[in-house]
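Student: Got a structure for you, written out below as structure tokens; questions coming shortly.
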Amino acid sequence: MAYRLAPVQSGHELLKPPVRRLRDRRGRGLRGPTIPAALPAHRTRSDRFDAAAVEAFSEIDAQWHDHLSDLDVAVDDIPRMLPRTDEPIQWPEEVTADGLVPLARLIPAGVDISGRPTRAQIILFRRPLELRAHDDEELPEILREVLIEQVATYLGVDEETIEDGPESD
């Protein structure tokens, strides 16, 4: 009778989880990214929106930088303040909306629950803004219009003043 010897393994190797293999369904190759992260096509819709928002705000900030140093701009996917009825609603001036759907909101500076001061913030709602743009060329124009309205509300001036730039002293 012949005996087979089993390979000796340490207890550490016996207790570690088994090696997880990537699935290779139907012989088509291993799953993974089809486009390398270094290529522009790898950027997500959210990444493209963020880049368009930064570009639109940078044009305004170039003229109004001294007045906007205490303002932050943020992006949220969807608004969390939708009305509960289909009746027309009167939004406050801090909210830029298209009918019942808010597109952006200005949150003024204040104090949080812990008593720490907070900075003023413009929040752009990505999905409603993307849905109103028919193509990639229209999105920066919509973003610029919304940001001009929000910055005008923040500074307490009209939108034409924001477009024209600050008065030189």
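The chains in the structure tokens are called A, B, ... from first to last as shown; in each chain the residues are counted from 1, and the ligands are counted from 1 in the order shown.
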Counting only C-alpha atoms, which residues of stretch 71-167 of chain A sit at most 12 Å from some atom of stretch 44-52 of chain A, and what is each one's closest atom pair with its distance in Å to one decimal, listed by chain and rising residue number, as a Markdown table?

Tutor:
```
| residue | atom | partner | partner_atom | distance |
| --- | --- | --- | --- | --- |
| A:Val73 | CA | A:Asp50 | CA | 10.5 |
| A:Ala74 | CA | A:Asp50 | CA | 9.2 |
| A:Val75 | CA | A:Asp50 | CA | 7.5 |
| A:Asp76 | CA | A:Ser46 | CA | 10.0 |
| A:Asp77 | CA | A:Ser46 | CA | 8.6 |
| A:Ile123 | CA | A:Asp50 | CA | 12.0 |
| A:Leu124 | CA | A:Asp50 | CA | 9.9 |
| A:Phe125 | CA | A:Phe49 | CA | 10.3 |
| A:Arg126 | CA | A:Phe49 | CA | 7.2 |
| A:Arg127 | CA | A:Ser46 | CA | 9.2 |
| A:Pro128 | CA | A:Phe49 | CA | 11.7 |
| A:Leu129 | CA | A:Phe49 | CA | 9.3 |
| A:Glu130 | CA | A:Phe49 | CA | 8.0 |
| A:Leu131 | CA | A:Phe49 | CA | 11.7 |
| A:Ala133 | CA | A:Phe49 | CA | 11.2 |
| A:Asp136 | CA | A:Arg48 | CA | 9.3 |
| A:Glu137 | CA | A:Ala52 | CA | 9.9 |
| A:Glu138 | CA | A:Ala52 | CA | 10.5 |
| A:Leu139 | CA | A:Ala52 | CA | 7.5 |
| A:Pro140 | CA | A:Ala52 | CA | 5.7 |
| A:Glu141 | CA | A:Ala52 | CA | 9.4 |
| A:Ile142 | CA | A:Ala52 | CA | 10.2 |
| A:Leu143 | CA | A:Ala52 | CA | 7.7 |
| A:Arg144 | CA | A:Ala52 | CA | 9.3 |
| A:Leu147 | CA | A:Ala52 | CA | 11.7 |
```

Student: Next, write the just-selected residues to a file, as a compact mmCIF listing (two decimals), in the first residue's frame, keeping N, CA, C and O atoms as the atom set.

Tutor:
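Dumped to out35.txt:
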```
# COMPACT_ATOMS: atom_id res chain seq x y z
N VAL A 73 -18.14 76.77 -3.68
CA VAL A 73 -19.08 76.21 -4.65
C VAL A 73 -19.00 74.69 -4.52
O VAL A 73 -17.92 74.12 -4.53
N ALA A 74 -20.17 74.07 -4.39
CA ALA A 74 -20.24 72.61 -4.23
C ALA A 74 -21.23 72.05 -5.24
O ALA A 74 -22.05 72.77 -5.80
N VAL A 75 -21.13 70.76 -5.48
CA VAL A 75 -22.03 70.07 -6.40
C VAL A 75 -22.70 68.93 -5.64
O VAL A 75 -22.05 68.17 -4.94
N ASP A 76 -24.02 68.86 -5.77
CA ASP A 76 -24.79 67.76 -5.21
C ASP A 76 -25.53 67.11 -6.37
O ASP A 76 -25.90 67.79 -7.33
N ASP A 77 -25.75 65.82 -6.31
CA ASP A 77 -26.39 65.13 -7.44
C ASP A 77 -27.83 65.59 -7.65
O ASP A 77 -28.23 65.91 -8.76
N ILE A 123 -24.61 75.68 -3.93
CA ILE A 123 -24.71 74.26 -4.25
C ILE A 123 -25.40 74.13 -5.60
O ILE A 123 -26.52 74.59 -5.78
N LEU A 124 -24.70 73.52 -6.55
CA LEU A 124 -25.26 73.24 -7.87
C LEU A 124 -25.81 71.82 -7.86
O LEU A 124 -25.14 70.89 -7.39
N PHE A 125 -27.01 71.64 -8.38
CA PHE A 125 -27.62 70.32 -8.45
C PHE A 125 -27.37 69.73 -9.84
O PHE A 125 -27.91 70.18 -10.84
N ARG A 126 -26.52 68.70 -9.88
CA ARG A 126 -25.99 68.18 -11.13
C ARG A 126 -27.05 67.59 -12.06
O ARG A 126 -27.14 67.95 -13.22
N ARG A 127 -27.87 66.68 -11.58
CA ARG A 127 -28.82 65.99 -12.47
C ARG A 127 -29.84 66.95 -13.09
O ARG A 127 -30.07 66.88 -14.30
N PRO A 128 -30.49 67.85 -12.33
CA PRO A 128 -31.42 68.78 -12.98
C PRO A 128 -30.75 69.68 -14.01
O PRO A 128 -31.33 69.97 -15.06
N LEU A 129 -29.51 70.10 -13.74
CA LEU A 129 -28.81 70.95 -14.70
C LEU A 129 -28.44 70.17 -15.95
O LEU A 129 -28.56 70.67 -17.08
N GLU A 130 -27.99 68.93 -15.77
CA GLU A 130 -27.65 68.10 -16.94
C GLU A 130 -28.88 67.82 -17.80
O GLU A 130 -28.79 67.80 -19.03
N LEU A 131 -30.02 67.61 -17.17
CA LEU A 131 -31.23 67.30 -17.93
C LEU A 131 -31.72 68.49 -18.75
O LEU A 131 -32.42 68.31 -19.74
N ALA A 133 -29.71 70.66 -20.25
CA ALA A 133 -28.77 70.87 -21.35
C ALA A 133 -29.01 69.81 -22.42
O ALA A 133 -29.02 68.62 -22.14
N ASP A 136 -23.47 68.81 -24.92
CA ASP A 136 -22.33 69.18 -24.09
C ASP A 136 -21.96 70.66 -24.23
O ASP A 136 -21.35 71.22 -23.32
N GLU A 137 -22.31 71.30 -25.32
CA GLU A 137 -21.99 72.71 -25.51
C GLU A 137 -22.95 73.61 -24.74
O GLU A 137 -22.60 74.75 -24.41
N GLU A 138 -24.14 73.15 -24.46
CA GLU A 138 -25.14 73.97 -23.78
C GLU A 138 -24.95 73.97 -22.26
O GLU A 138 -25.32 74.95 -21.59
N LEU A 139 -24.37 72.93 -21.71
CA LEU A 139 -24.21 72.84 -20.26
C LEU A 139 -23.38 73.98 -19.67
O LEU A 139 -23.80 74.58 -18.68
N PRO A 140 -22.23 74.34 -20.23
CA PRO A 140 -21.48 75.47 -19.66
C PRO A 140 -22.26 76.78 -19.69
O PRO A 140 -22.13 77.59 -18.77
N GLU A 141 -23.08 76.99 -20.71
CA GLU A 141 -23.89 78.22 -20.78
C GLU A 141 -24.93 78.24 -19.66
O GLU A 141 -25.13 79.27 -19.01
N ILE A 142 -25.58 77.11 -19.42
CA ILE A 142 -26.58 77.03 -18.35
C ILE A 142 -25.90 77.21 -16.99
O ILE A 142 -26.40 77.95 -16.13
N LEU A 143 -24.76 76.57 -16.80
CA LEU A 143 -24.02 76.72 -15.55
C LEU A 143 -23.63 78.17 -15.31
O LEU A 143 -23.74 78.68 -14.19
N ARG A 144 -23.17 78.84 -16.35
CA ARG A 144 -22.76 80.24 -16.22
C ARG A 144 -23.95 81.11 -15.81
O ARG A 144 -23.83 81.95 -14.91
N LEU A 147 -24.82 80.35 -12.14
CA LEU A 147 -23.81 80.89 -11.24
C LEU A 147 -23.86 82.41 -11.17
O LEU A 147 -23.67 82.99 -10.10
```

Student: Looking at only C-alpha atoms, which of A:Ile162, A:Val101, A:Ala62, A:Ala41 is the one that sits closest to A:Glu145?

Tutor: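 Using only C-alpha atoms, the shortest distance to A:Glu145 belongs to A:Ile162.
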
Student: When you draw a straight line from atom CA of A:Thr153 to atom CA of A:Arg84, how long is it in Å?

Tutor: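 Rounded to one decimal, the two atoms are 25.6 Å apart.
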
Student: Taking the chain letters and numbering used in this document, name the residues of stretch 61-169 of chain A that DSSP puts in helix (DSSP H, G or I), as a PyMOL selection string.

Tutor: chain A and resi 61-64+126-132+138-155+159-164

Student: Put those residues in a file: C-alpha atoms, as a PDB file, in the first residue's frame.

Tutor:
```
ATOM      1  CA  ASP A  61     -14.135  84.529 -10.108  1.00  0.00           C
ATOM      2  CA  ALA A  62     -11.538  86.117 -12.376  1.00  0.00           C
ATOM      3  CA  GLN A  63     -13.476  89.408 -12.234  1.00  0.00           C
ATOM      4  CA  TRP A  64     -14.918  89.194  -8.710  1.00  0.00           C
ATOM      5  CA  ARG A 126     -25.986  68.176 -11.134  1.00  0.00           C
ATOM      6  CA  ARG A 127     -28.820  65.994 -12.466  1.00  0.00           C
ATOM      7  CA  PRO A 128     -31.421  68.777 -12.975  1.00  0.00           C
ATOM      8  CA  LEU A 129     -28.813  70.954 -14.699  1.00  0.00           C
ATOM      9  CA  GLU A 130     -27.650  68.100 -16.939  1.00  0.00           C
ATOM     10  CA  LEU A 131     -31.234  67.296 -17.926  1.00  0.00           C
ATOM     11  CA  ARG A 132     -31.822  70.892 -19.075  1.00  0.00           C
ATOM     12  CA  GLU A 138     -25.136  73.973 -23.785  1.00  0.00           C
ATOM     13  CA  LEU A 139     -24.212  72.837 -20.258  1.00  0.00           C
ATOM     14  CA  PRO A 140     -21.481  75.472 -19.656  1.00  0.00           C
ATOM     15  CA  GLU A 141     -23.892  78.216 -20.779  1.00  0.00           C
ATOM     16  CA  ILE A 142     -26.579  77.029 -18.348  1.00  0.00           C
ATOM     17  CA  LEU A 143     -24.023  76.715 -15.549  1.00  0.00           C
ATOM     18  CA  ARG A 144     -22.760  80.243 -16.217  1.00  0.00           C
ATOM     19  CA  GLU A 145     -26.291  81.698 -16.093  1.00  0.00           C
ATOM     20  CA  VAL A 146     -27.112  79.880 -12.843  1.00  0.00           C
ATOM     21  CA  LEU A 147     -23.806  80.885 -11.238  1.00  0.00           C
ATOM     22  CA  ILE A 148     -24.274  84.526 -12.274  1.00  0.00           C
ATOM     23  CA  GLU A 149     -27.701  84.534 -10.635  1.00  0.00           C
ATOM     24  CA  GLN A 150     -26.374  82.914  -7.466  1.00  0.00           C
ATOM     25  CA  VAL A 151     -23.332  85.227  -7.194  1.00  0.00           C
ATOM     26  CA  ALA A 152     -25.598  88.244  -7.756  1.00  0.00           C
ATOM     27  CA  THR A 153     -27.798  87.064  -4.888  1.00  0.00           C
ATOM     28  CA  TYR A 154     -24.738  86.494  -2.694  1.00  0.00           C
ATOM     29  CA  LEU A 155     -23.311  89.964  -3.375  1.00  0.00           C
ATOM     30  CA  GLU A 159     -27.066  90.053 -12.693  1.00  0.00           C
ATOM     31  CA  GLU A 160     -25.963  92.649 -15.265  1.00  0.00           C
ATOM     32  CA  THR A 161     -23.452  94.006 -12.757  1.00  0.00           C
ATOM     33  CA  ILE A 162     -21.949  90.545 -12.363  1.00  0.00           C
ATOM     34  CA  GLU A 163     -21.633  90.138 -16.142  1.00  0.00           C
ATOM     35  CA  ASP A 164     -20.075  93.591 -16.585  1.00  0.00           C
TER      36      ASP A 164
END
```

Student: Have a look at atom CA of A:Phe57 and atom CA of A:Ala37 and let me know their distance in Å, one decimal.

Tutor: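 Pair atom CA of A:Phe57 / atom CA of A:Ala37 returns 26.0 Å.
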
Student: Mind the document's chain letters and residue numbers, and return as a list of chain:residue names the residues of stretch 8-153 of chain A that DSSP labels strand (DSSP E).

Tutor: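 So the strand (DSSP E) residues in stretch 8-153 of chain A would be A:Leu71, A:Asp72, A:Val73, A:Ala74, A:Val75, A:Asp76, A:Val95, A:Thr96, A:Ala97, A:Asp98, A:Val101, A:Pro102, A:Leu103, A:Ala104, A:Arg105, A:Leu106, A:Ile107, A:Gly110, A:Val111, A:Pro117, A:Thr118, A:Ala120, A:Gln121, A:Ile122, A:Ile123, A:Leu124, A:Phe125.
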
Student: Which residues are close to A:Arg119, i.e. within 8 Å by only C-alpha atoms, leaving aside same-chain residues fewer than 4 positions away? Reply as a list in words.

Tutor: Asp70, Leu71, Asp72, Pro108, Ala109 and Gly110 of chain A
